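Participant: Handing over final-v5.pdb, PDB, C-alpha atoms.
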```pdb
ATOM      1  CA  LYS A  18     103.567  80.527 100.646  1.00  0.00           C
ATOM      2  CA  GLU A  19     103.489  77.491  98.400  1.00  0.00           C
ATOM      3  CA  PHE A  20     100.799  74.844  98.198  1.00  0.00           C
ATOM      4  CA  ASP A  21     101.015  71.489  96.499  1.00  0.00           C
ATOM      5  CA  LEU A  22      98.206  70.602  94.139  1.00  0.00           C
ATOM      6  CA  THR A  23      96.419  67.320  94.632  1.00  0.00           C
ATOM      7  CA  ALA A  24      96.763  64.480  92.129  1.00  0.00           C
ATOM      8  CA  GLU A  25      93.247  65.279  90.897  1.00  0.00           C
ATOM      9  CA  GLN A  26      94.106  68.953  90.370  1.00  0.00           C
ATOM     10  CA  ASN A  27      97.318  68.004  88.553  1.00  0.00           C
ATOM     11  CA  ALA A  28      95.364  65.607  86.330  1.00  0.00           C
ATOM     12  CA  LYS A  29      92.920  68.393  85.409  1.00  0.00           C
ATOM     13  CA  LEU A  30      95.822  70.674  84.493  1.00  0.00           C
ATOM     14  CA  LYS A  31      97.645  68.078  82.427  1.00  0.00           C
ATOM     15  CA  GLY A  32      97.494  68.960  78.760  1.00  0.00           C
ATOM     16  CA  GLN A  33      96.056  72.424  79.387  1.00  0.00           C
ATOM     17  CA  ASN A  34      97.830  75.568  78.325  1.00  0.00           C
ATOM     18  CA  VAL A  35      97.895  77.158  81.777  1.00  0.00           C
ATOM     19  CA  PRO A  36      98.609  80.888  81.693  1.00  0.00           C
ATOM     20  CA  SER A  37     101.460  82.241  83.797  1.00  0.00           C
ATOM     21  CA  ASP A  38      99.202  84.896  85.345  1.00  0.00           C
ATOM     22  CA  ILE A  39      96.640  83.136  87.519  1.00  0.00           C
ATOM     23  CA  VAL A  40      94.409  83.978  90.468  1.00  0.00           C
ATOM     24  CA  LEU A  41      93.970  81.627  93.392  1.00  0.00           C
ATOM     25  CA  GLY A  42      90.524  81.557  94.966  1.00  0.00           C
ATOM     26  CA  VAL A  43      89.261  80.042  98.199  1.00  0.00           C
ATOM     27  CA  ARG A  44      85.731  80.409  99.533  1.00  0.00           C
ATOM     28  CA  PRO A  45      85.553  82.336 102.837  1.00  0.00           C
ATOM     29  CA  VAL A  46      84.008  79.352 104.644  1.00  0.00           C
ATOM     30  CA  HIS A  47      87.057  77.269 103.655  1.00  0.00           C
ATOM     31  CA  VAL A  48      89.506  79.677 105.314  1.00  0.00           C
ATOM     32  CA  SER A  49      90.313  78.777 108.913  1.00  0.00           C
ATOM     33  CA  LEU A  50      92.350  80.436 111.609  1.00  0.00           C
ATOM     34  CA  ALA A  51      95.460  78.565 112.696  1.00  0.00           C
ATOM     35  CA  ASN A  52      98.385  78.841 115.089  1.00  0.00           C
ATOM     36  CA  GLU A  53     100.700  78.836 112.085  1.00  0.00           C
ATOM     37  CA  GLY A  54     100.087  79.663 108.464  1.00  0.00           C
ATOM     38  CA  ILE A  55      99.722  82.800 106.408  1.00  0.00           C
ATOM     39  CA  GLU A  56     100.010  85.941 108.511  1.00  0.00           C
ATOM     40  CA  ALA A  57      97.340  88.614 108.237  1.00  0.00           C
ATOM     41  CA  THR A  58      96.023  91.647 110.083  1.00  0.00           C
ATOM     42  CA  VAL A  59      92.369  91.925 111.053  1.00  0.00           C
ATOM     43  CA  ASP A  60      90.793  94.964 109.386  1.00  0.00           C
ATOM     44  CA  VAL A  61      87.137  94.436 110.317  1.00  0.00           C
ATOM     45  CA  THR A  62      85.182  91.885 112.325  1.00  0.00           C
ATOM     46  CA  GLU A  63      81.475  91.280 111.822  1.00  0.00           C
ATOM     47  CA  LEU A  64      79.615  89.129 114.329  1.00  0.00           C
ATOM     48  CA  MET A  65      76.847  87.420 112.374  1.00  0.00           C
ATOM     49  CA  GLY A  66      75.209  85.286 115.042  1.00  0.00           C
ATOM     50  CA  SER A  67      76.889  81.896 114.925  1.00  0.00           C
ATOM     51  CA  GLU A  68      79.635  83.080 112.548  1.00  0.00           C
ATOM     52  CA  LEU A  69      82.330  85.692 112.688  1.00  0.00           C
ATOM     53  CA  HIS A  70      83.260  87.344 109.392  1.00  0.00           C
ATOM     54  CA  LEU A  71      86.860  88.478 109.436  1.00  0.00           C
ATOM     55  CA  HIS A  72      88.156  90.901 106.831  1.00  0.00           C
ATOM     56  CA  LEU A  73      91.909  90.412 106.756  1.00  0.00           C
ATOM     57  CA  ASP A  74      94.785  92.250 105.148  1.00  0.00           C
ATOM     58  CA  SER A  75      97.077  89.517 103.938  1.00  0.00           C
ATOM     59  CA  ASN A  76     100.159  90.927 102.299  1.00  0.00           C
ATOM     60  CA  GLY A  77      98.127  93.769 100.815  1.00  0.00           C
ATOM     61  CA  LYS A  78      95.305  91.518  99.628  1.00  0.00           C
ATOM     62  CA  ASP A  79      91.800  91.422 101.129  1.00  0.00           C
ATOM     63  CA  VAL A  80      90.911  87.989 102.488  1.00  0.00           C
ATOM     64  CA  VAL A  81      87.571  87.158 104.064  1.00  0.00           C
ATOM     65  CA  ALA A  82      87.264  84.297 106.530  1.00  0.00           C
ATOM     66  CA  VAL A  83      83.948  83.040 107.863  1.00  0.00           C
ATOM     67  CA  VAL A  84      84.561  81.127 111.077  1.00  0.00           C
ATOM     68  CA  PRO A  85      82.075  79.577 113.508  1.00  0.00           C
ATOM     69  CA  THR A  86      81.995  81.472 116.799  1.00  0.00           C
ATOM     70  CA  THR A  87      82.438  78.151 118.596  1.00  0.00           C
ATOM     71  CA  GLU A  88      85.959  77.886 117.128  1.00  0.00           C
ATOM     72  CA  VAL A  89      87.344  81.291 118.147  1.00  0.00           C
ATOM     73  CA  ASP A  90      87.531  83.661 121.080  1.00  0.00           C
ATOM     74  CA  VAL A  91      85.336  86.393 119.625  1.00  0.00           C
ATOM     75  CA  ASP A  92      86.347  88.966 122.249  1.00  0.00           C
ATOM     76  CA  SER A  93      90.052  88.555 121.482  1.00  0.00           C
ATOM     77  CA  LEU A  94      89.432  89.184 117.769  1.00  0.00           C
ATOM     78  CA  HIS A  95      87.024  92.094 118.160  1.00  0.00           C
ATOM     79  CA  GLY A  96      88.446  95.306 116.813  1.00  0.00           C
ATOM     80  CA  SER A  97      91.047  95.763 114.165  1.00  0.00           C
ATOM     81  CA  HIS A  98      94.783  95.509 113.649  1.00  0.00           C
ATOM     82  CA  LYS A  99      95.238  92.210 115.452  1.00  0.00           C
ATOM     83  CA  THR A 100      97.644  89.715 113.906  1.00  0.00           C
ATOM     84  CA  VAL A 101      96.245  86.287 113.044  1.00  0.00           C
ATOM     85  CA  HIS A 102      97.299  83.329 110.940  1.00  0.00           C
ATOM     86  CA  TYR A 103      95.077  81.462 108.527  1.00  0.00           C
ATOM     87  CA  THR A 104      95.187  78.454 106.293  1.00  0.00           C
ATOM     88  CA  PHE A 105      93.017  76.374 103.984  1.00  0.00           C
ATOM     89  CA  LYS A 106      93.049  72.950 102.426  1.00  0.00           C
ATOM     90  CA  PRO A 107      94.784  73.093  99.029  1.00  0.00           C
ATOM     91  CA  GLU A 108      92.234  70.679  97.565  1.00  0.00           C
ATOM     92  CA  LEU A 109      89.619  73.431  98.028  1.00  0.00           C
ATOM     93  CA  MET A 110      91.535  75.982  95.929  1.00  0.00           C
ATOM     94  CA  HIS A 111      90.163  77.280  92.652  1.00  0.00           C
ATOM     95  CA  ILE A 112      92.507  78.554  89.977  1.00  0.00           C
ATOM     96  CA  PHE A 113      91.429  81.202  87.483  1.00  0.00           C
ATOM     97  CA  ASP A 114      92.991  82.756  84.394  1.00  0.00           C
ATOM     98  CA  ARG A 115      93.533  86.401  85.436  1.00  0.00           C
ATOM     99  CA  THR A 116      92.846  87.738  81.943  1.00  0.00           C
ATOM    100  CA  THR A 117      89.736  85.779  80.983  1.00  0.00           C
ATOM    101  CA  GLU A 118      88.585  85.083  84.573  1.00  0.00           C
ATOM    102  CA  LYS A 119      87.862  81.543  83.365  1.00  0.00           C
ATOM    103  CA  ASN A 120      87.985  78.811  86.033  1.00  0.00           C
ATOM    104  CA  ILE A 121      90.905  76.566  85.129  1.00  0.00           C
ATOM    105  CA  ILE A 122      90.321  74.127  88.012  1.00  0.00           C
TER     106      ILE A 122
END
```
For the file at hand, write its structure as C-alpha cells.
Facilitator:
Amino acid sequence: KEFDLTAEQNAKLKGQNVPSDIVLGVRPVHVSLANEGIEATVDVTELMGSELHLHLDSNGKDVVAVVPTTEVDVDSLHGSHKTVHYTFKPELMHIFDRTTEKNII
C-alpha cells in the first residue's frame, strides 16, 4: 500500500539524505479499523475496559491497534484468525532510518 506524504512531511525531508531502507511507524492509538484498507488477521484480542487492543498479523508484520470499544463490535472480534482491515492518517506516520533507528520525520 502506498501513502502520500503531506506537504509538511515533504518539506522536512527536502535536503535530507534519506536512506533507502526505512521503517514506517504509527502509534497503536492512531490505527483504526476500516471497511477497506490494509488487510490483516487478528492474532490476539485484549479487552482493556474501554479499549480493545488488537494484535494483528499484517503481511507477516505485527501491528497493534488500540480501538475504543464504542467503535467496534467486541464480540465479533473476540478470538483469533478473523480478517479485518485497518488504516491510519498518513500525517501521523513516523519515518525512521532502519540502521540508526533515528527518527527522520
Participant: Can you work out which one of A:Leu22, A:Val80, A:Val91, A:Leu69 has the shortest atom-to-atom distance to Ile55 in chain A, counting all atoms listed in the file?
Facilitator: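 Closest to Ile55 in chain A of all the choices is A:Val80.
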Participant: With only C-alpha atoms as the basis for distance, which of A:Asn27, A:Ser93, A:Thr100, A:Thr87 is at the shortest distance from Asp74 in chain A?
Facilitator: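 Of A:Asn27, A:Ser93, A:Thr100, A:Thr87, the one nearest Asp74 in chain A, counting only C-alpha atoms, is A:Thr100.
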Participant: Could you spell out the hits of the PyMOL selection byres ((chain A and resi 96) around 12) on the shown file, as a list in words?
Facilitator: Thr58, Val59, Asp60, Val61, Thr62, Glu63, Leu64, Leu71, His72, Leu73, Val91, Asp92, Ser93, Leu94, His95, Ser97, His98, Lys99 and Thr100 of chain A
Participant: Could you turn the residues from that selection into a file that holds C-alpha atoms, as a tab-separated table (two decimals), in the frame of the given file?
Facilitator:
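Writing done, so here's selection.tsv:
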```tsv
chain	number	residue	atom	x	y	z
A	58	THR	CA	96.02	91.65	110.08
A	59	VAL	CA	92.37	91.92	111.05
A	60	ASP	CA	90.79	94.96	109.39
A	61	VAL	CA	87.14	94.44	110.32
A	62	THR	CA	85.18	91.88	112.32
A	63	GLU	CA	81.47	91.28	111.82
A	64	LEU	CA	79.61	89.13	114.33
A	71	LEU	CA	86.86	88.48	109.44
A	72	HIS	CA	88.16	90.90	106.83
A	73	LEU	CA	91.91	90.41	106.76
A	91	VAL	CA	85.34	86.39	119.62
A	92	ASP	CA	86.35	88.97	122.25
A	93	SER	CA	90.05	88.56	121.48
A	94	LEU	CA	89.43	89.18	117.77
A	95	HIS	CA	87.02	92.09	118.16
A	97	SER	CA	91.05	95.76	114.16
A	98	HIS	CA	94.78	95.51	113.65
A	99	LYS	CA	95.24	92.21	115.45
A	100	THR	CA	97.64	89.72	113.91
```
Participant: Convert the output of the PyMOL selection byres ((chain A and resi 85) around 6) on the shown file into explicit residues, formatted as a list in words.
Facilitator: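 Taken on the displayed file, the PyMOL selection byres ((chain A and resi 85) around 6) yields the residues Ser67, Glu68, Val84, Thr86, Thr87 and Glu88 of chain A.
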Participant: With distances taken over all atoms listed in the file, which of A:His70, A:Lys29, A:Lys18, A:His47 is nearest to Lys106 in chain A?
Facilitator: A:His47
Participant: Please return as a VMD selection string every residue within 12 Å of (92.3, 81.6, 78.8), taking into account only C-alpha atoms and the file's own coordinates.
Facilitator: chain A and resid 33 to 39 112 to 121
Participant: Name the residues captured by the PyMOL selection byres ((chain A and resi 41) around 6) when it is applied to the shown file; answer as an MDAnalysis selection string.
Facilitator: chainID A and resid 40 42 111:112
Participant: Please measure the separation of CA of Met65 in chain A and CA of Val48 in chain A, giving the value in Å to one decimal.
Facilitator: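 Computing the Euclidean distance for CA of Met65 in chain A and CA of Val48 in chain A yields 16.4 Å.
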Participant: Work out how far CA of Pro107 in chain A is from CA of Lys78 in chain A, in Å to one decimal.
Facilitator: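 CA of Lys78 in chain A sits 18.4 Å away from CA of Pro107 in chain A.
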Participant: What does the distance from CA of Gly32 in chain A to CA of Arg44 in chain A come to in Å, to one decimal?
Facilitator: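 Rounded to one decimal, the two atoms are 26.5 Å apart.
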Participant: Smallest atom-to-atom distance to Ala82 in chain A: which of A:Ala24, A:Ile122, A:Leu50, A:Val101, using all atoms listed in the file?
Facilitator: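 Using all atoms listed in the file, Ala82 in chain A sits closest to A:Leu50.
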Participant: Fix up range 89-111 of chain A with N, CA and C atoms, then write it as a short mmCIF file (atom, residue, chain, number, x, y, z; two decimals), in the frame of the given file.
Facilitator:
```cif
data_model
loop_
_atom_site.label_atom_id
_atom_site.label_comp_id
_atom_site.auth_asym_id
_atom_site.auth_seq_id
_atom_site.Cartn_x
_atom_site.Cartn_y
_atom_site.Cartn_z
N VAL A 89 86.45 80.16 117.87
CA VAL A 89 87.34 81.29 118.15
C VAL A 89 86.91 82.02 119.41
N ASP A 90 87.84 82.76 119.98
CA ASP A 90 87.53 83.66 121.08
C ASP A 90 87.14 84.99 120.45
N VAL A 91 85.85 85.21 120.33
CA VAL A 91 85.34 86.39 119.62
C VAL A 91 85.87 87.67 120.25
N ASP A 92 85.90 87.75 121.58
CA ASP A 92 86.35 88.97 122.25
C ASP A 92 87.80 89.30 121.92
N SER A 93 88.64 88.29 121.77
CA SER A 93 90.05 88.56 121.48
C SER A 93 90.26 89.05 120.05
N LEU A 94 89.31 88.75 119.17
CA LEU A 94 89.43 89.18 117.77
C LEU A 94 88.68 90.47 117.48
N HIS A 95 87.82 90.90 118.40
CA HIS A 95 87.02 92.09 118.16
C HIS A 95 87.94 93.31 118.03
N GLY A 96 87.62 94.14 117.09
CA GLY A 96 88.45 95.31 116.81
C GLY A 96 89.39 95.00 115.66
N SER A 97 90.19 95.96 115.33
CA SER A 97 91.05 95.76 114.16
C SER A 97 92.52 95.77 114.55
N HIS A 98 93.33 95.46 113.57
CA HIS A 98 94.78 95.51 113.65
C HIS A 98 95.40 94.43 114.55
N LYS A 99 94.68 93.35 114.72
CA LYS A 99 95.24 92.21 115.45
C LYS A 99 95.86 91.26 114.43
N THR A 100 96.97 90.66 114.79
CA THR A 100 97.64 89.72 113.91
C THR A 100 97.06 88.32 114.11
N VAL A 101 96.74 87.66 113.01
CA VAL A 101 96.24 86.29 113.04
C VAL A 101 96.97 85.50 111.96
N HIS A 102 96.79 84.20 111.99
CA HIS A 102 97.30 83.33 110.94
C HIS A 102 96.13 82.52 110.41
N TYR A 103 96.15 82.25 109.11
CA TYR A 103 95.08 81.46 108.53
C TYR A 103 95.64 80.44 107.57
N THR A 104 94.81 79.49 107.24
CA THR A 104 95.19 78.45 106.29
C THR A 104 93.93 77.95 105.59
N PHE A 105 94.13 77.02 104.68
CA PHE A 105 93.02 76.37 103.98
C PHE A 105 93.54 75.09 103.39
N LYS A 106 92.65 74.21 103.04
CA LYS A 106 93.05 72.95 102.43
C LYS A 106 93.30 73.20 100.94
N PRO A 107 94.47 72.85 100.45
CA PRO A 107 94.78 73.09 99.03
C PRO A 107 93.79 72.44 98.07
N GLU A 108 93.20 71.33 98.46
CA GLU A 108 92.23 70.68 97.56
C GLU A 108 90.96 71.51 97.37
N LEU A 109 90.79 72.56 98.17
CA LEU A 109 89.62 73.43 98.03
C LEU A 109 89.93 74.70 97.24
N MET A 110 91.15 74.81 96.72
CA MET A 110 91.54 75.98 95.93
C MET A 110 90.87 75.95 94.55
N HIS A 111 90.61 77.12 94.03
CA HIS A 111 90.16 77.28 92.65
C HIS A 111 91.22 78.13 91.96
#
```
